[in-house]
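**Q** Got a structure for you, questions after.
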Amino acid sequence: AQQRLLHEVQLPLLRAFAAELRTRASSATLLSDEAVGEWGALGALLQTIFFCAQLLSEWQETDPLLDFAPDMLQSRVTGSEQAEAVSCLPGGTAMAAGVFTPVLRALDSIASELEEHAIERVGANFSSGCRRYFHERRDLRFLPLLTSVVELDVSPALSEPLSQLRTELVALQAVAPPASMRRVWQRIAADADSLFAEQLLRHVQLSPGGAVQLCRDLRAVIESFARFSSRPATSLRRLHESCQLLELSAAERSRMLRLMATPAEHSVDGSTAQRKALTDLGIHVISAAEGRDFLSRMHND
């Protein structure tokens, strides 16, 4: 009777519930497009999914439900590994096959789609907002170096997209489960790292003043994620390592350029020396060729 109740009543109800959540998820993704920081509906869905997934995962591991899932029972007896990671369970818990596994997979899929939507929307808005800043990169070639001791501000063209990015991240953090938010911010940070590397760092020409300003701007982007990690630079390695190069003095920059003047492929010793010089600066992601190219675009006049 209990098994019949499970298959004829409980599982159909849970499948209908998952289908309703998917419908609401579609509506939530449309609503979140309306205004910056409007993530309430999406956050409520994620919280619901995480709560339900935790309950279902715990229930299916207890009697009599455990008896209705031979695969799960067998894995308990033999200690065999028949598990899959479910992102909507705490820490992406590995879950053995149980009576609610199909429902948990459906919930996990919905949660992943909601997270992906948040990543895409925030990333697209930030990318679009930075277009003017990237277009004005030529100004960094002629920016004078300030001699007075002042607190350098972020470039005006970057201020608005950074402010919007921070607003979006704060709003998401207020409504999303911590595990979900961790995945979202890390992806957004990685995408921002790639965006600046491709649209700015590979092309920009810098005066001494421009190098200082660019370093300030890149630090501001990294700091936008500081509320989520004590070391946000780990998710924005290219930006962080570019700052390490930008902060070199003219003499240090000239020394590095001389060291990297010979293409590494022509000398094993030269390649080792170049890599060691970069590693000593804390640079591990940027290659010797990329470092040489970037340093060559920093001018002393």
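Letters A, B, ... go to the chains of the structure tokens in the order shown; residues in each chain start at 1; ligands are counted from 1 in the same order.
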Just want the 10 Å neighbourhood of A:Leu169, counted on only C-alpha atoms, with same-chain residues fewer than 3 positions away dropped. Output as a PDB file with C-alpha atoms, in the first residue's frame.

**A**
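The new file part02.pdb reads:
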ATOM      1  CA  GLY A  37      18.240  44.635  -8.766  1.00  0.00           C
ATOM      2  CA  TRP A  39      15.678  39.426  -8.334  1.00  0.00           C
ATOM      3  CA  ALA A 118      21.368  35.499 -13.525  1.00  0.00           C
ATOM      4  CA  VAL A 122      24.349  40.539 -15.039  1.00  0.00           C
ATOM      5  CA  GLN A 164      25.161  48.754 -11.521  1.00  0.00           C
ATOM      6  CA  LEU A 165      27.206  45.560 -11.189  1.00  0.00           C
ATOM      7  CA  ARG A 166      27.495  46.020  -7.434  1.00  0.00           C
ATOM      8  CA  LEU A 172      21.190  38.671  -5.721  1.00  0.00           C
ATOM      9  CA  GLN A 173      23.038  37.973  -2.495  1.00  0.00           C
ATOM     10  CA  ALA A 174      20.008  39.134  -0.505  1.00  0.00           C
ATOM     11  CA  MET A 181      25.295  32.787  -4.996  1.00  0.00           C
ATOM     12  CA  VAL A 184      26.897  32.897  -9.685  1.00  0.00           C
ATOM     13  CA  TRP A 185      29.444  35.463  -8.496  1.00  0.00           C
ATOM     14  CA  ILE A 188      30.383  36.604 -13.286  1.00  0.00           C
ATOM     15  CA  SER A 224      33.395  44.729  -6.532  1.00  0.00           C
ATOM     16  CA  PHE A 225      33.538  41.054  -5.539  1.00  0.00           C
ATOM     17  CA  ARG A 227      31.965  41.089  -0.248  1.00  0.00           C
ATOM     18  CA  PHE A 228      31.896  37.449  -1.399  1.00  0.00           C
TER      19      PHE A 228
END

**Q** For A:Ala197, work out the shell of residues within 12 Å, counting only C-alpha atoms and skipping chain neighbours fewer than 2 positions away, then give it as a tab-separated table (two decimals) with N, CA and C atoms, in the first residue's frame.

**A**
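The file below, result_35.tsv, is the result:
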chain	number	residue	atom	x	y	z
A	134	PHE	N	35.66	50.99	-22.79
A	134	PHE	CA	36.60	50.32	-23.70
A	134	PHE	C	36.90	51.21	-24.91
A	190	ALA	N	34.69	35.60	-13.35
A	190	ALA	CA	35.52	35.00	-14.40
A	190	ALA	C	35.20	35.60	-15.76
A	191	ASP	N	33.91	35.85	-16.02
A	191	ASP	CA	33.52	36.46	-17.30
A	191	ASP	C	34.03	37.89	-17.40
A	192	ALA	N	33.99	38.63	-16.28
A	192	ALA	CA	34.52	40.00	-16.28
A	192	ALA	C	36.02	39.99	-16.52
A	193	ASP	N	36.71	39.02	-15.96
A	193	ASP	CA	38.15	38.87	-16.15
A	193	ASP	C	38.46	38.68	-17.64
A	194	SER	N	37.72	37.80	-18.29
A	194	SER	CA	37.93	37.54	-19.73
A	194	SER	C	37.55	38.76	-20.56
A	195	LEU	N	36.46	39.43	-20.18
A	195	LEU	CA	35.99	40.61	-20.92
A	195	LEU	C	37.06	41.69	-20.96
A	199	GLN	N	38.93	42.84	-24.37
A	199	GLN	CA	38.51	44.13	-24.91
A	199	GLN	C	39.45	45.29	-24.57
A	200	LEU	N	40.28	45.11	-23.55
A	200	LEU	CA	41.11	46.23	-23.10
A	200	LEU	C	42.59	45.88	-23.00
A	201	LEU	N	42.93	44.89	-22.23
A	201	LEU	CA	44.33	44.64	-21.90
A	201	LEU	C	45.16	44.20	-23.09
A	202	ARG	N	44.55	43.59	-24.09
A	202	ARG	CA	45.30	43.14	-25.27
A	202	ARG	C	45.58	44.27	-26.25
A	203	HIS	N	44.96	45.44	-26.06
A	203	HIS	CA	45.07	46.49	-27.06
A	203	HIS	C	45.55	47.84	-26.51
A	204	VAL	N	45.35	48.08	-25.22
A	204	VAL	CA	45.55	49.42	-24.68
A	204	VAL	C	47.02	49.86	-24.75
A	218	LEU	N	41.14	48.62	-12.65
A	218	LEU	CA	41.12	47.17	-12.51
A	218	LEU	C	40.94	46.75	-11.05
A	236	LEU	N	39.70	36.58	-10.59
A	236	LEU	CA	40.02	37.58	-11.62
A	236	LEU	C	41.53	37.66	-11.78
A	237	ARG	N	42.13	36.53	-12.12
A	237	ARG	CA	43.58	36.43	-12.12
A	237	ARG	C	44.24	37.36	-13.14
A	238	ARG	N	43.67	37.47	-14.32
A	238	ARG	CA	44.31	38.31	-15.34
A	238	ARG	C	44.30	39.78	-14.93
A	239	LEU	N	43.20	40.22	-14.34
A	239	LEU	CA	43.15	41.60	-13.89
A	239	LEU	C	44.15	41.83	-12.77
A	240	HIS	N	44.20	40.92	-11.83
A	240	HIS	CA	45.13	41.05	-10.71
A	240	HIS	C	46.58	41.03	-11.18
A	241	GLU	N	46.91	40.11	-12.06
A	241	GLU	CA	48.29	40.01	-12.54
A	241	GLU	C	48.66	41.19	-13.42
A	242	SER	N	47.71	41.74	-14.15
A	242	SER	CA	47.97	42.94	-14.94
A	242	SER	C	48.30	44.11	-14.03
A	243	CYS	N	47.62	44.17	-12.88
A	243	CYS	CA	47.93	45.22	-11.90
A	243	CYS	C	49.36	45.07	-11.38
A	285	VAL	N	49.24	33.20	-14.50
A	285	VAL	CA	48.31	32.97	-15.62
A	285	VAL	C	48.79	33.64	-16.89
A	286	ILE	N	49.27	34.87	-16.78
A	286	ILE	CA	49.78	35.59	-17.95
A	286	ILE	C	51.08	34.94	-18.41
A	290	GLU	N	52.66	37.18	-23.44
A	290	GLU	CA	51.62	38.17	-23.12
A	290	GLU	C	52.18	39.27	-22.23
A	294	PHE	N	52.36	43.22	-23.19
A	294	PHE	CA	51.70	44.21	-22.34
A	294	PHE	C	52.69	45.27	-21.86

**Q** Interatomic distance between atom CA of A:Thr279 and atom CA of A:Ala211?

**A**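 Result for atom CA of A:Thr279 versus atom CA of A:Ala211: 21.1 Å, one decimal.
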
**Q** Could you check which of A:Ala25, A:Ala157, A:Leu42, A:Ala179 is closest to A:Ser128, using only C-alpha atoms?

**A**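 The answer is A:Ala157, which sits nearest to A:Ser128.
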
**Q** I need the helix (DSSP H, G or I) residues of stretch 233-292 of chain A per DSSP on the backbone, written as a ChimeraX atom specification.

**A** /A:233-235,237-246,250-259,264-266,268-280,288-292

**Q** For A:Ser207, which residue out of A:Arg137, A:Arg187, A:Arg132, A:His284 is the nearest one, using only C-alpha atoms?

**A**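 Of A:Arg137, A:Arg187, A:Arg132, A:His284, the one nearest A:Ser207 is A:Arg137, counting only C-alpha atoms.
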
**Q** Would you work out the distance separating atom CA of A:Leu162 from atom CA of A:Ala226, expressed in Å to one decimal?

**A** 13.2 Å

**Q** Quick one: pull the distance between atom CA of A:Val154 and atom CA of A:Arg121, Å, one decimal.

**A**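 Taking atom CA of A:Val154 as the start and atom CA of A:Arg121 as the end point, the length is 23.7 Å.
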